[in-house]
Each structure stands twice: as C-alpha cells, then as structure tokens.
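Below is work.cif, holding mmCIF, C-alpha atoms.
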data_work
#
loop_
_atom_site.group_PDB
_atom_site.id
_atom_site.type_symbol
_atom_site.label_atom_id
_atom_site.label_comp_id
_atom_site.auth_asym_id
_atom_site.auth_seq_id
_atom_site.Cartn_x
_atom_site.Cartn_y
_atom_site.Cartn_z
ATOM 1 C CA ASN A 1 96.651 52.647 108.327
ATOM 2 C CA LEU A 2 100.180 51.405 107.615
ATOM 3 C CA ASN A 3 103.038 53.611 108.711
ATOM 4 C CA ILE A 4 105.825 52.203 106.594
ATOM 5 C CA VAL A 5 109.081 54.105 106.541
ATOM 6 C CA LEU A 6 111.229 53.562 103.458
ATOM 7 C CA PRO A 7 114.751 54.850 102.912
ATOM 8 C CA ILE A 8 115.215 57.929 100.775
ATOM 9 C CA GLY A 9 115.922 56.964 97.185
ATOM 10 C CA ILE A 10 114.542 53.416 97.481
ATOM 11 C CA SER A 11 113.768 53.337 93.753
ATOM 12 C CA PHE A 12 117.375 54.152 92.875
ATOM 13 C CA TYR A 13 118.686 51.449 95.222
ATOM 14 C CA THR A 14 116.285 49.050 93.548
ATOM 15 C CA PHE A 15 117.153 50.066 89.979
ATOM 16 C CA GLN A 16 120.880 49.832 90.667
ATOM 17 C CA ALA A 17 120.695 46.489 92.458
ATOM 18 C CA MET A 18 118.507 45.049 89.701
ATOM 19 C CA SER A 19 120.730 46.279 86.881
ATOM 20 C CA TYR A 20 123.825 44.919 88.642
ATOM 21 C CA THR A 21 122.215 41.516 89.179
ATOM 22 C CA ILE A 22 120.846 41.314 85.639
ATOM 23 C CA ASP A 23 124.148 42.439 84.094
ATOM 24 C CA VAL A 24 126.050 39.805 86.087
ATOM 25 C CA TYR A 25 123.490 37.174 85.050
ATOM 26 C CA ARG A 26 123.769 38.214 81.379
ATOM 27 C CA LYS A 27 127.576 38.189 81.727
ATOM 28 C CA ARG A 28 127.848 41.848 80.720
ATOM 29 C CA ILE A 29 129.929 42.522 83.828
ATOM 30 C CA ARG A 30 131.920 40.396 86.217
ATOM 31 C CA ALA A 31 130.601 40.255 89.759
ATOM 32 C CA THR A 32 132.824 42.076 92.199
ATOM 33 C CA ARG A 33 134.303 40.129 95.087
ATOM 34 C CA ASN A 34 134.757 43.338 97.047
ATOM 35 C CA ILE A 35 131.777 43.973 99.357
ATOM 36 C CA PHE A 36 132.920 47.571 99.901
ATOM 37 C CA GLU A 37 132.909 48.215 96.141
ATOM 38 C CA TYR A 38 129.459 46.666 95.746
ATOM 39 C CA SER A 39 128.042 48.541 98.760
ATOM 40 C CA THR A 40 129.515 51.800 97.520
ATOM 41 C CA TYR A 41 127.881 51.266 94.149
ATOM 42 C CA ILE A 42 124.450 50.403 95.590
ATOM 43 C CA ALA A 43 124.447 53.228 98.153
ATOM 44 C CA LEU A 44 126.167 55.857 96.016
ATOM 45 C CA PHE A 45 124.650 58.839 97.776
ATOM 46 C CA PRO A 46 125.214 61.734 95.343
ATOM 47 C CA GLN A 47 122.504 60.546 92.974
ATOM 48 C CA LEU A 48 120.187 58.430 95.114
ATOM 49 C CA VAL A 49 117.458 61.026 95.548
ATOM 50 C CA ALA A 50 117.196 62.536 92.067
ATOM 51 C CA GLY A 51 119.210 60.361 89.717
ATOM 52 C CA PRO A 52 120.703 59.647 87.355
ATOM 53 C CA ILE A 53 120.443 55.874 87.604
ATOM 54 C CA VAL A 54 124.070 54.761 87.537
ATOM 55 C CA ARG A 55 125.122 51.424 86.088
ATOM 56 C CA TYR A 56 127.957 49.483 87.610
ATOM 57 C CA SER A 57 129.699 49.118 84.247
ATOM 58 C CA ASP A 58 129.789 52.926 83.886
ATOM 59 C CA ILE A 59 131.660 53.487 87.158
ATOM 60 C CA VAL A 60 133.563 50.239 87.796
ATOM 61 C CA GLN A 61 136.870 51.945 86.947
ATOM 62 C CA ASP A 62 136.027 54.839 89.270
ATOM 63 C CA LEU A 63 135.233 52.323 92.028
ATOM 64 C CA ASP A 64 138.552 50.558 91.402
ATOM 65 C CA ASP A 65 140.342 53.926 91.673
ATOM 66 C CA ILE A 66 138.429 55.080 94.768
ATOM 67 C CA ASP A 67 141.548 55.044 96.940
ATOM 68 C CA LYS A 68 143.459 57.212 94.450
ATOM 69 C CA LYS A 69 143.445 60.970 94.297
ATOM 70 C CA PRO A 70 140.404 62.202 92.306
ATOM 71 C CA LYS A 71 141.203 63.554 88.853
ATOM 72 C CA SER A 72 141.366 67.352 88.803
ATOM 73 C CA GLU A 73 139.117 67.549 85.723
ATOM 74 C CA TYR A 74 136.442 65.659 87.674
ATOM 75 C CA PHE A 75 136.721 68.195 90.496
ATOM 76 C CA PHE A 76 136.347 71.275 88.281
ATOM 77 C CA ARG A 77 133.576 69.694 86.242
ATOM 78 C CA GLY A 78 131.862 68.721 89.493
ATOM 79 C CA VAL A 79 131.964 72.228 90.946
ATOM 80 C CA ASN A 80 130.697 73.663 87.652
ATOM 81 C CA LEU A 81 127.826 71.168 87.355
ATOM 82 C CA PHE A 82 126.846 71.591 90.991
ATOM 83 C CA ILE A 83 126.643 75.386 90.589
ATOM 84 C CA ILE A 84 124.653 75.051 87.350
ATOM 85 C CA GLY A 85 122.259 72.602 89.028
ATOM 86 C CA LEU A 86 121.867 74.775 92.106
ATOM 87 C CA THR A 87 121.129 77.769 89.874
ATOM 88 C CA LYS A 88 118.520 75.805 87.918
ATOM 89 C CA LYS A 89 116.845 74.637 91.122
ATOM 90 C CA VAL A 90 117.020 77.657 93.412
ATOM 91 C CA ILE A 91 116.958 80.599 91.048
ATOM 92 C CA ILE A 92 114.942 79.363 88.075
ATOM 93 C CA ALA A 93 112.628 76.547 89.279
ATOM 94 C CA ASP A 94 111.828 78.101 92.645
ATOM 95 C CA SER A 95 111.193 81.514 91.044
ATOM 96 C CA ILE A 96 108.777 79.975 88.566
ATOM 97 C CA ALA A 97 107.075 78.099 91.428
ATOM 98 C CA ASN A 98 106.640 81.345 93.373
ATOM 99 C CA ILE A 99 104.693 82.741 90.427
ATOM 100 C CA ILE A 100 102.570 79.761 89.376
ATOM 101 C CA ASN A 101 101.804 78.087 92.723
ATOM 102 C CA PRO A 102 99.483 80.908 93.883
ATOM 103 C CA MET A 103 97.768 80.757 90.492
ATOM 104 C CA LEU A 104 97.313 76.993 90.882
ATOM 105 C CA GLY A 105 95.826 77.628 94.316
ATOM 106 C CA ASN A 106 93.096 79.707 92.655
ATOM 107 C CA TYR A 107 92.688 77.626 89.496
ATOM 108 C CA ALA A 108 88.953 78.347 89.274
ATOM 109 C CA ASP A 109 89.711 82.027 88.666
ATOM 110 C CA LEU A 110 92.174 81.420 85.816
ATOM 111 C CA THR A 111 91.433 82.753 82.364
ATOM 112 C CA SER A 112 92.375 80.629 79.356
ATOM 113 C CA LEU A 113 95.526 82.693 78.892
ATOM 114 C CA ASP A 114 96.392 82.306 82.599
ATOM 115 C CA ALA A 115 95.849 78.540 82.380
ATOM 116 C CA TRP A 116 98.253 78.282 79.431
ATOM 117 C CA PHE A 117 100.775 80.395 81.334
ATOM 118 C CA VAL A 118 100.491 78.051 84.342
ATOM 119 C CA ILE A 119 100.810 74.934 82.180
ATOM 120 C CA LEU A 120 103.955 76.210 80.485
ATOM 121 C CA GLY A 121 105.328 77.555 83.757
ATOM 122 C CA TYR A 122 104.810 74.217 85.456
ATOM 123 C CA ALA A 123 106.495 72.368 82.576
ATOM 124 C CA TYR A 124 109.564 74.588 82.909
ATOM 125 C CA GLN A 125 109.526 74.451 86.696
ATOM 126 C CA LEU A 126 109.462 70.659 86.575
ATOM 127 C CA TYR A 127 112.333 70.548 84.072
ATOM 128 C CA PHE A 128 114.565 73.019 85.920
ATOM 129 C CA ASP A 129 113.788 71.385 89.262
ATOM 130 C CA PHE A 130 114.535 67.857 88.112
ATOM 131 C CA SER A 131 117.475 68.639 85.837
ATOM 132 C CA GLY A 132 118.891 70.951 88.512
ATOM 133 C CA TYR A 133 118.838 68.161 91.098
ATOM 134 C CA SER A 134 120.322 65.786 88.547
ATOM 135 C CA ASP A 135 123.122 68.226 87.647
ATOM 136 C CA MET A 136 123.897 68.691 91.350
ATOM 137 C CA ALA A 137 124.048 64.909 91.799
ATOM 138 C CA VAL A 138 126.362 64.463 88.810
ATOM 139 C CA GLY A 139 128.493 67.325 90.126
ATOM 140 C CA LEU A 140 128.713 65.771 93.594
ATOM 141 C CA GLY A 141 129.645 62.454 92.029
ATOM 142 C CA ASN A 142 132.433 64.174 90.100
ATOM 143 C CA LEU A 143 133.706 65.802 93.308
ATOM 144 C CA PHE A 144 134.129 62.318 94.763
ATOM 145 C CA GLY A 145 135.824 60.978 91.641
ATOM 146 C CA PHE A 146 132.838 59.402 89.858
ATOM 147 C CA LYS A 147 131.889 60.231 86.296
ATOM 148 C CA PHE A 148 128.126 59.906 85.981
ATOM 149 C CA LEU A 149 126.418 60.134 82.608
ATOM 150 C CA GLN A 150 124.316 63.101 81.523
ATOM 151 C CA ASN A 151 120.665 62.724 82.483
ATOM 152 C CA PHE A 152 118.968 65.490 80.484
ATOM 153 C CA ASN A 153 119.698 66.749 76.988
ATOM 154 C CA SER A 154 117.549 69.819 76.306
ATOM 155 C CA PRO A 155 114.245 67.901 76.148
ATOM 156 C CA TYR A 156 112.204 70.954 75.147
ATOM 157 C CA LYS A 157 114.217 71.143 71.929
ATOM 158 C CA ALA A 158 112.826 67.732 70.925
ATOM 159 C CA LEU A 159 111.219 67.352 67.510
ATOM 160 C CA ASN A 160 108.625 64.792 68.613
ATOM 161 C CA ILE A 161 107.499 62.837 71.678
ATOM 162 C CA SER A 162 109.956 59.960 71.210
ATOM 163 C CA ASP A 163 112.820 62.448 70.823
ATOM 164 C CA PHE A 164 111.575 64.194 73.976
ATOM 165 C CA TRP A 165 111.631 60.909 75.916
ATOM 166 C CA ARG A 166 115.189 60.167 74.711
ATOM 167 C CA ARG A 167 116.271 63.555 76.067
ATOM 168 C CA TRP A 168 114.295 63.506 79.362
ATOM 169 C CA HIS A 169 115.678 61.487 82.306
ATOM 170 C CA ILE A 170 117.978 59.579 79.969
ATOM 171 C CA SER A 171 119.127 57.111 82.618
ATOM 172 C CA LEU A 172 115.545 56.015 83.371
ATOM 173 C CA SER A 173 114.631 55.688 79.684
ATOM 174 C CA THR A 174 117.669 53.573 78.901
ATOM 175 C CA TRP A 175 117.196 51.513 82.080
ATOM 176 C CA LEU A 176 113.600 50.736 81.104
ATOM 177 C CA ARG A 177 114.690 49.893 77.544
ATOM 178 C CA ASP A 178 117.536 47.609 78.654
ATOM 179 C CA TYR A 179 115.940 45.846 81.629
ATOM 180 C CA LEU A 180 112.169 45.999 81.257
ATOM 181 C CA TYR A 181 111.404 45.793 77.533
#

Is it possible to give me this structure as structure tokens?
Amino acid sequence: NLNIVLPIGISFYTFQAMSYTIDVYRKRIRATRNIFEYSTYIALFPQLVAGPIVRYSDIVQDLDDIDKKPKSEYFFRGVNLFIIGLTKKVIIADSIANIINPMLGNYADLTSLDAWFVILGYAYQLYFDFSGYSDMAVGLGNLFGFKFLQNFNSPYKALNISDFWRRWHISLSTWLRDYLY
C-alpha cells in the first residue's frame, strides 16, 4: 500500500509546464529569464484545481504587467464571473446533486423513467459543477489581473459529438490537439 501525497492540481502543473517547454522548443514563445514570472505561470493558483489550462503565450503580457495596477475591466469581469460560477456550483449543481444522489444510492429501485431522470440530472450536475468551478477560476484570475480564456461554450447546445467536445473543457481539448496529436 503506497501512501503517495501529490499536490493539488498536479495535472494542471504538468500540462502548463509541458506546454511551456514544448512551445519554447518549437520557438512559438521566447523563454523567460525571470524565474518569478515562470514560477507564477506554473503555479498560477486561481485555475490549478479546475482549469482552464492556461498557456504562457496567452498571459505573458499579464505576467509582464503584474506589478502594475490591474485593469478595472478585469476586476468587474472577474467579480461577475466568480458570482456566476459560484451560482452554478452552489445553487444549481449542488441542488441537482441533492435530488439525484439519493436516487443513485438506491439505483436498484429506479424505474426506467427515474433512471433517465438520474442520467440527465447527473449530466447537468457535472456540467454546472465543472463549468462553475472553471468560471470561478477565470474570475479569480481576472481579479488578479490575468485574462484566462473561456473554458466552456454551452456544450449541451452542440449539434454532434465533435461539436460537443469543442465546447466542453475547451482548454483541455485544444491542449490535447496541440501537444498530443
């Protein structure tokens, strides 16, 4: 039995460090000579637990301006996004979970209609949970002067599965496309 303790958000540290290294290698970005700037990028706490995966090239200007006063539009956008994300998570996702979790606990007693209700409820709970966390992370980033990219774009409005994947966890999809495939 191995008791290995890993830091929270290890996958995001890994994705960000890999994308930085690969982008420098491919000459898409210039390597920073500022260890504080690099460390800030790698350990950028607002989005380390739930995303989005942030690329160095997307925030290099924000990192360069870190010692300047944050832009007021970032602040107001940040507060707005954080409130929207918190609402998605606490009010919507948690309310759905309070309804479907007891049903999942007694799955053997579900009728076909109940099972469909649970499936759809879980799909919406997952979306509102994940996109809520992501909106809060983007909002926190904005509060600190960082402009993170959108991570969800109404995935349940997708016309097909590939459109759904383009709209769901956008930063992961594009990261996989650009660095894995």

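For the pair atom CA of Arg167 of chain A and atom CA of Asn101 of chain A, the interatomic distance is 26.4 Å.
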
List the residues selected by the PyMOL selection byres ((chain A and resi 3-13) around 12) in the file shown, writing them as a PyMOL selection string.
chain A and resi 1-2+14-20+38-55+171-172+175

Prev. selection, C-alpha atoms, output as a short mmCIF file (atom, residue, chain, number, x, y, z; two decimals), in the frame of the given file:
data_model
loop_
_atom_site.label_atom_id
_atom_site.label_comp_id
_atom_site.auth_asym_id
_atom_site.auth_seq_id
_atom_site.Cartn_x
_atom_site.Cartn_y
_atom_site.Cartn_z
CA ASN A 1 96.65 52.65 108.33
CA LEU A 2 100.18 51.40 107.62
CA THR A 14 116.28 49.05 93.55
CA PHE A 15 117.15 50.07 89.98
CA GLN A 16 120.88 49.83 90.67
CA ALA A 17 120.70 46.49 92.46
CA MET A 18 118.51 45.05 89.70
CA SER A 19 120.73 46.28 86.88
CA TYR A 20 123.82 44.92 88.64
CA TYR A 38 129.46 46.67 95.75
CA SER A 39 128.04 48.54 98.76
CA THR A 40 129.51 51.80 97.52
CA TYR A 41 127.88 51.27 94.15
CA ILE A 42 124.45 50.40 95.59
CA ALA A 43 124.45 53.23 98.15
CA LEU A 44 126.17 55.86 96.02
CA PHE A 45 124.65 58.84 97.78
CA PRO A 46 125.21 61.73 95.34
CA GLN A 47 122.50 60.55 92.97
CA LEU A 48 120.19 58.43 95.11
CA VAL A 49 117.46 61.03 95.55
CA ALA A 50 117.20 62.54 92.07
CA GLY A 51 119.21 60.36 89.72
CA PRO A 52 120.70 59.65 87.36
CA ILE A 53 120.44 55.87 87.60
CA VAL A 54 124.07 54.76 87.54
CA ARG A 55 125.12 51.42 86.09
CA SER A 171 119.13 57.11 82.62
CA LEU A 172 115.54 56.02 83.37
CA TRP A 175 117.20 51.51 82.08
#

Let me know the residues the PyMOL selection byres ((chain A and resi 88) around 12) catches in the file above, as a ChimeraX atom specification.
/A:81-87,89-96,124-136

Distance atom CA of Ile170 of chain A-atom CA of Pro155 of chain A, one decimal place?
9.9 Å

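Using the PyMOL selection byres ((chain A and resi 146) around 8) on the file at hand returns these residues: Ile59, Asp62, Leu63, Tyr74, Gly141, Asn142, Leu143, Phe144, Gly145, Lys147 and Phe148 of chain A.
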
In Å, how far is it from atom CA of Leu149 of chain A to atom CA of Ile66 of chain A?
17.8 Å

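Checking A:Tyr156, A:Phe36, A:Phe76, A:Tyr122 one by one against Gly139 of chain A, counting all atoms listed in the file, you find the shortest gap at A:Phe76.
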
Edge lengths and centre, in Å to one decimal, as lines of an AutoDock Vina configuration file: that's what I need for the box along x, y and z that holds all listed atoms of segment 161-179 of chain A plus 4 Å on each side.
center_x = 113.3
center_y = 55.0
center_z = 77.1
size_x = 19.6
size_y = 26.3
size_z = 20.5
